[in-house]
Structures are given as C-alpha cells and as structure tokens.
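Scroll down for the structure; my scribbles are underneath it.
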There are 2 protein chains.
Amino acid sequence: MDKQATKVILTEKEMPTSWYNIQADLPEPLPPLRHPGTKEITRLPPPLFAGALDEQEFSKERYIEIPEEVQEIYKMWRPTPMIRAFRLEKALDTPAHIYYKYEGVSPAGSHKLNTAVAQAYYNKKEGIKRLATETGAGQWGSALSMACKFFGLECKVYMVKVSYHQKPYRRVLMETFGAKVVPSPSQDTQVGRKILEEDPNSTGSLGIAISEACEDAFGRDDTHYSLGSVVNHVLLHQTVVGQESKKQLEKIGVYPDIIVGCIGGGSNFGGMLLPFVKDKIEKKKPKLQIICVEPTACPTVTKGIYAWDYGDVAGMAPIALMYTLGHSFVPPPVHAGGLRYHGMAPIICHLHRLGFIEARAVNQIATFQAAVQFAQAEGIIPAPEPAHAIKVVIDEALKCKQSGEKKNILLALSGHGHFDLGAYEKYLAGQLEDYEYPKEKVEEALKQLPKIPA
Amino acid sequence: MDKQATKVILTEKEMPTSWYNIQADLPEPLPPLRHPGTKEITRLPPPLFAGALDEQEFSKERYIEIPEEVQEIYKMWRPTPMIRAFRLEKALDTPAHIYYKYEGVSPAGSHKLNTAVAQAYYNKKEGIKRLATETGAGQWGSALSMACKFFGLECKVYMVKVSYHQKPYRRVLMETFGAKVVPSPSQDTQVGRKILEEDPNSTGSLGIAISEACEDAFGRDDTHYSLGSVVNHVLLHQTVVGQESKKQLEKIGVYPDIIVGCIGGGSNFGGMLLPFVKDKIEKKKPKLQIICVEPTACPTVTKGIYAWDYGDVAGMAPIALMYTLGHSFVPPPVHAGGLRYHGMAPIICHLHRLGFIEARAVNQIATFQAAVQFAQAEGIIPAPEPAHAIKVVIDEALKCKQSGEKKNILLALSGHGHFDLGAYEKYLAGQLEDYEYPKEKVEEALKQLPKIPA
C-alpha cells in the first residue's frame, strides 16, 4: 500500500451543501430559552436577531440548506485540510494516529468565519445595515468584520479589554476590514459606563461585552446583534467542519476513537462533534470518546452548576439552561480569551448531561508547553484556545504509548496563534501564570442566578 | 459549463518531484561568481555552504530531484492553492481574470520554507550542526528556524534592526522554534561592532546582516551560512511554486497573459516565473508579459546599474554581476523589509538583460492602498512585499477595464501579513511615508564597487 498522504483534501464539489441540525436527532429535546425580563419561554428577541437565524435556532429539520452565496464565500478557503500529524506522533513515539482538522487556513484565522458569513448574509437579506458584537480573543471580531465587509455591512466590535491590550494587531486586523473596535467595558453604552464607574480597572469579560453589544443593537433600528458562539444557530453553521472531517476520514477508511476540542462558548467543538455524536446517539459508535477541554481558570462544565442563567452580565440576553459559573463571574485573564465565558452552549451542556461527551480542565502553562511541542513538530503555531485540546491529545497519545493501543485521535484545531505571540513570548520567558479554580468568586457569582418561576 | 471553482487544488501525488533548473535552458549562460578577496572566478565558499548546494548553484541539469525527506515535509502544506480572485475582479469591475498562487498557507507564512527545508536537509546530511542567517522582514528567519527545528539543527538569526523593532512577534515566532535571534548590526560579530561604532543608530540592512551571518559561519566549523534569496540554488528550490502554478492553470485551460511578482532578492518571483520563462525562451509564448515589482525606496532593477558587486556590506560574500545600488547602500526603512536589498538575483538580472522580463517600482502608500483593497475583497491580509505586486495587478486589471481585454493575470502572493499589522496600523492612521529614489545615497554607494581585473 502507498504511504498515507499527509493531508486529506476534498474538492469544492465535495463540500457539504447543508448544515446538520442535531435537534432532529436528540433523544430528549433541548430546554427552551427564557426571556430575560418576563422569564417566560421565548424565541430570540427580534430587535437583536434576523428572522432566519431565529428560525434555525429552534428548527427540527435535520438538514438546512446553505445559501449559494454563503457556499461561494466558503469556497475562498473551504474545504479545509485534514492533516495527519506524522511528525508529532514520531516526537511522542506513540502508536496512536493523530489527525487534525485545521480551520486556521480561513483568512480570518479560525472556524469563526463559517458562521460570520452566514449571519452577515441573513442580516443583509433582511435589510439590516450594521451588526454589533463582542469579541474575546479577537477571533470572532475578525471573522465578523471580514464577513460584514464582504456583504457591505457596518460592524461595531466590543473587544474584551484584556484582549484589546494583549493583542493590538487583532484590532488592526478588524479595522483593516473597516470595523469600529472599542475596548469593553466602554464608554459607548450604559452598561459599560456603569461597570467602569464601579471598577475603572475592569479587565472585561465576554459577558460584559455581550451586554454592551446587545444594548447597542437594542438602541438602533438599523442594527442587529451577532453572536459568535453558544447559541444553536452558530453551532449549526459550524457543522461544516464536522461534516467535512467525517468525509475526509472516511476517504482513508478511518473512524476516530477519540475526538478532542476546546470549549469556550462551544462553537468550535460543537461544529466538529455534532455530525459524529449522531453516530453515538444512533448507537452505531458506542465506544467513540468525545472530550471537550476548558481552562482551569474558567471551568464551566467541570466545576459549574447546571442552572438557568443569563447569557450576559447585564441580564439583557436570553436565559438558558446550561452549565454556568454565574453570569457576573469575571474569569482570570488567561491568554485563551475565547475560553473566558461563564456559560456554555446549551447543546454541549445537554449532550454532556446525556452522557455523550466528557469534559476536562487543563492549566495554562501545561497548555502552552503542549502548544510549543505541537508547533515544533507540525510547524503551525496554534491559538491558545485549541492548545488546550492539544494538551489532552498529547496526554491521550502518551496513554496509547503506555498501553500499546493504536487509537485514532481527531483534534479540532480551530485556529492559528499568529496574533497570540505575546502569550508565547511570556511562556518562553517563564512569565506565564497558572490559575487555579477561583472557587470563592464563582460561589459569589452563583448567588446572582435569575429566579425562574416553577 | 459549470461555474469555475474558486480554487484549483492539486493532490500530493501531483506535486513536482524535481526542481526546475533554468540554467539548462538559458540562451546565454549566467556570468560566474568571483571571490571577494582574489576577485577570481569561484565556487560557493565551502566554509559557508553545503557541497550539494554548491553543486546545484552551478548545475546545468534541467531537473534536479527533490529528496524524499524534503518532499515529505513539503506535504505538510503543499501543494498550495491557486485561487481565482472573483471578488477582487468584481470590486475592480474588470474583464480580466485574476489568479493568485498563495504561499501564505505554509506554516512559516511564506514561500521561504520551500528552500529552508531543502537547505536544512542538505546541511544536516553533511554533518553540519548549526546554521547562521540574516532576515529582513522576518519571513526568511521564521522559515529557517522552523526548518532547522525539523532537522534538529541550531539556528542563529541576525535580524535587520528596523524589522526587529517593527515586528517583535516575528522574533517570538523564531524563538518558539528554538532559534537565537539578535538585532543586526549586533555586538556578536566584528562587522556588527564596527558598524555600531560608526553609527550607533544604524537601522541595519540585509547587506549588513548577511555580513554578520557570514562572519559567524566562517568562524565556526560546526556552522554553515544559509541564504534565503538571491543565489541560484534558492531560486531553484522555489520552482515548486511555478511548476505547481503551471499545472494548476493547465487544469482549467488557462495560460497567463501577465505574471506579476515582487522582487527583493528575487526568490519569490524567480520561483514563480522560471517554469514560465522557459516557454518564452523556447518562443512558445512570445506575448507572455512578466513584470517584477520593487519599491521606489530600493529600486535595484529600475534604477540600479548592471555591475560586479558584493552580495553583502562587508565584502565577505561572493561578487556577482547583477543590478545593484551599491553594497554599502542602506535603503530607507520601508515596511517591506524583504525588499530592502541593494542587489538582485543574478538569474533575474540576466533574464531582464535578455529582455524576458520587465520591472516597475511602486511607492509605499499606493502599495498599502492596494493591499487593503485586496484584503477587503479576498480576506487575506498580504505581506507588504507581495502587496507591491498587488498594486501592479490592480493597475493592469484596470487597464483591461479601459481596453476591454480579458487578460489572465497571475499574481505570486508569497505570504501573509499577519506580522505586519503594525505597518497596516500606520497606513490606516495616515502615518505611512512615501520614499522617493534616494539618488545621492546610491551615487555615493556606487563609488565603492569592487574593481574587477579585465
């Protein structure tokens, strides 16, 4: 037999033409959303979201067609490669086969562009002129800025302050695509001003930035809000990743034994795992192990409670039943800005509750150690977020070395770390901090959960 | 007919297995190299270069096999995509078809990795433990650092001081791959110390950094020097780019009318054009227009003289017959650090003298304007170096709009600008400078050319 190719490539014609909607196959339906004011069961608020996105949020259709205009834009960088990590395997001396699906080839540098393009498309179609959003690490803001430019929409980005200062070039990237970027908390919203009054040194959080972007969108008729993770329609759009991955591995006769991805809001890993979890739900692949990885500094699934909570700090976003550390919790400033969110995609939480996926938390220094080992073997500098997953992939590959098992491990490598080299610099200089679970802060935040009538 | 795909993709099996050596097909042979001391005709100095590279430098074999180990590493990112710039064409409202070969998907971010891997391989094979090199923009240093790590070699990089400070993350990237990086001129060499004594504020130049790296390699038995551009074997290794491009365009039945690329030392554009210029030499494609683009701040081909000159400032590198602005010329600190070189690849100069290629110079602000227009249409943020070529591609596409011609324009997009956002920031803030041709400095430098005996 020929040596296996390093990359499995699909043609544009082999790209998925529909998104896969897990809601068609869930053994138990997802819990509903509740209105932040009335606490009643609700749809997505129309002043914030395009109608098409609200429809997708609650749809039970198994496959939802990807509009042709969106497919055309996907083709600028999709299908993305599936790469066999031959050199990492050799460095680890493991019998395991490691594959990574690399979304960093997107011009925005991550998977986020998959949903950004779809959201910009639907909003444009419904006559919206401007989108407001938040960004943590800057990956989402970059993607939405680019997508807005593609469809001729304006874009306003509230960027979590700690990232705004850690990653000045992320801001420049967004501005190159014409977006207006401010550090959050900002003076541009009531929520921002209130938080700055109470704590002028607030480093910000995704929860705060979401509140600011929602307030912005509520206040203007020409503006909608756009969310880069957590909600169902975002995970839906990301299923192009998992669908392509499945087809790529099928081409070489491989089905993964373990799938690993990082979770912040859940969109990267959701996109990857949903087409695979279908096989687990249908009992075709009972042994498939699906592991999501989060930082010890913000351990939503491993340490949070399953409860009704707001999606944002100010209580303007809908209330979801999810694992949460409390919407007022502000995580320590780990460099994986995209993983600093108090809650988690309800779909991910639901699947975890049903026993289909497991979760692990890893610390910052071990994460960067794994990232550098990966980079030195594979060349690619991973973003700090998927570096969390790389740490677990290496752990699992080393277990295989012990046991002699030749497992197939699939890594969701959501993006590159070209804008995160400030963090690598700190790691190399030995200046990076580990953060343990901030138990007291979480307990305090959990006292402020909304009361839901029975 | 189906709509043309956005990308033309080759499989790993379709990758070239040989490099194409233009020296087999030149109507007149290349002029020789001369020893910097004796001025006699010389080979590459053995204390600096691996024997295999010296052999390639002067070989007349048409095809030189790519070692299997090098091919395996190429497969980590090659073949690179050929992308149709549908959205840029639309933005320009031009009947021209614009294609770009995108080398930015390499993990080092540019075409430079193509030769870095080959050079590290041959040096490793010949028992060398350490490579010393210079880098301008940081693209070459990143590539060699990565290649050295792949083959277990140490790497020392002398980084032109202006880039060292403009692009701190380039340094961190190299350090992530284990390289030792110093700003040049440095205190680590006699050449560097002498220059710093005369001008402590020297911003450095590629010529100075080459001298430092050569001195480093001359001084240590375990160390060779490695060059990222200019010399024949580097352009040879880069011909994978042009060979793939030719095959990709053939697949869709296209032959370019115009090929455009930037030139600093000539490796990016050499790699692209050499497989095409063959057709011009053989009179198969007399109308093919090949345009190389340089900055007005360092206009080697458009304003330099054709003369024997040293490859470096200190006169340690061999003397070549080439276009030069004088080896002591230090160009203004334009952001395209990779284009700040006083000389030019002898192959490029020779082909220009023979009338096969033409040259243009463009200024900095117009270049960044073109780069932003490209980014907003295609998503990819180009490095400042290929942005010079983008400016000319846009000019040519607009000429087609005037004339109604449906020309096929091929752009060599050598790398991304993720580490150049400091320059984009200045452009967006209106703080970027234009530099006109520094005539007096060049005239001064040209007085110091070496005397070659008749």
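Here, A, B, ... name the chains of the structure tokens in the order displayed, residue numbers run from 1 inside each chain, and ligands are numbered from 1 in the same displayed order.
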Give me the residues within 9 Å of B:Ala5 as a VMD selection string, counting only C-alpha atoms and dropping any in the same chain fewer than 4 places off. (chain A and resid 12 to 13 75) or (chain B and resid 83 to 84)
Quick one: which residues from chain B are at most 9 Å off chain A, using only C-alpha atoms, as a PyMOL selection string? chain B and resi 5-9+11-13+72+75-77+83-85+87+105-108+146-147+149-150+168-170+172-173+175-178+372+375-381+418-422+424-425+428
DSSP strand (DSSP E) residues within stretch 93-214 of chain A, listed as a ChimeraX atom specification: /A:97-102,130-135,154-160,180-184
Write out as a list in words the residues lying within 8 Å of A:Tyr102, counting only C-alpha atoms and excluding same-chain residues fewer than 4 positions away. Thr80, Pro81, Met82, Ile83, Ala412, Leu413, Ser414 and Gly415 of chain A
Test item: residues at most 10 Å from B:Leu351, only C-alpha atoms, excluding those fewer than 3 positions along its chain, as a compact mmCIF listing (two decimals) with C-alpha atoms, in the first residue's frame:
# COMPACT_ATOMS: atom_id res chain seq x y z
CA LEU B 26 19.31 29.90 -20.85
CA PRO B 27 20.20 31.16 -24.35
CA GLU B 28 23.36 32.68 -22.84
CA LEU B 30 24.92 33.07 -16.40
CA LEU B 274 11.27 30.35 -14.15
CA VAL B 277 10.02 31.91 -18.79
CA ILE B 281 12.88 31.24 -24.20
CA PRO B 346 21.76 37.20 -10.95
CA ILE B 347 19.20 34.98 -12.71
CA ILE B 348 16.56 37.72 -12.55
CA LEU B 354 17.93 39.39 -22.20
CA GLY B 355 14.53 41.08 -22.44
CA PHE B 356 12.39 38.31 -20.99
CA ILE B 357 11.10 40.28 -18.02
CA GLU B 358 10.32 43.91 -17.24
Calculate how many Å separate atom CA of A:Gly136 from atom CA of A:Leu33, rounding to one decimal.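 Answer for the atom CA of A:Gly136 to atom CA of A:Leu33 separation: 23.6 Å.
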Hey, can you check how far atom CA of A:Leu227 sits from atom CA of A:Thr133?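 Computed distance, atom CA of A:Leu227 to atom CA of A:Thr133, equals 6.4 Å.
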Neighbours of B:Leu206 within 9 Å (only C-alpha atoms; same-chain residues fewer than 3 positions away dropped), as a count of residues only? 17
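Closest approach to B:Leu53 among B:Met174, B:Leu235, B:Ala217, B:Val334: B:Leu235, based on only C-alpha atoms.
Every protein, DNA or RNA residue with an atom at most 7 Å from B:Glu212, where only C-alpha atoms count and chain neighbours fewer than 5 positions away do not, is listed here: Thr189, Val191 and Gly192 of chain B.
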May I ask for the distance between atom CA of A:His233 and atom CA of A:Arg360, given in Å to one decimal place?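 Between atom CA of A:His233 and atom CA of A:Arg360 the gap works out to 25.2 Å.
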Close residues, A:Val442 itself excluded, 12 Å, only C-alpha atoms, min 5 positions apart in chain, as a PyMOL selection string: chain A and resi 297-300+303-305+324-332+342-343+437+447-449
Pull C-alpha atoms from the residues just selected and write them as a CSV table (one decimal), in the first residue's frame.
chain,number,residue,atom,x,y,z
A,297,ALA,CA,-9.4,29.3,35.2
A,298,CYS,CA,-12.9,29.1,33.7
A,299,PRO,CA,-14.1,25.5,34.3
A,300,THR,CA,-17.7,25.9,33.2
A,303,LYS,CA,-17.0,22.9,38.0
A,304,GLY,CA,-20.0,24.9,37.1
A,305,ILE,CA,-23.6,24.1,38.0
A,324,THR,CA,-22.6,28.2,34.4
A,325,LEU,CA,-20.2,29.8,36.8
A,326,GLY,CA,-22.6,32.7,37.2
A,327,HIS,CA,-23.2,35.5,34.7
A,328,SER,CA,-21.4,38.0,36.9
A,329,PHE,CA,-18.2,35.9,37.2
A,330,VAL,CA,-15.2,37.5,35.6
A,331,PRO,CA,-12.5,34.9,34.9
A,332,PRO,CA,-8.8,35.5,35.4
A,342,HIS,CA,-19.2,32.0,32.3
A,343,GLY,CA,-21.7,29.7,30.4
A,437,TYR,CA,-10.3,27.3,40.0
A,447,LYS,CA,-25.8,33.7,44.3
A,448,GLN,CA,-27.0,36.0,41.5
A,449,LEU,CA,-28.7,33.5,39.2
Please return, as a PyMOL selection string, all residues of stretch 6-166 of chain A that DSSP assigns to helix (DSSP H, G or I) on the basis of the backbone. chain A and resi 12-14+22-24+51-58+68-74+86-92+103-105+113-125+139-151+161-166
Pick from B:Leu432, B:Ile290, B:Cys214, B:Ala116, whichever lies nearest to B:Ile259 using only C-alpha atoms: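 The shortest atom-to-atom distance to B:Ile259 comes from B:Ile290.
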Of the candidates A:His35, A:Lys399, A:Lys441, A:Lys101, which shows the shortest atom-to-atom distance to A:Gln248, using only C-alpha atoms?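 Smallest distance to A:Gln248 is found for A:Lys101.
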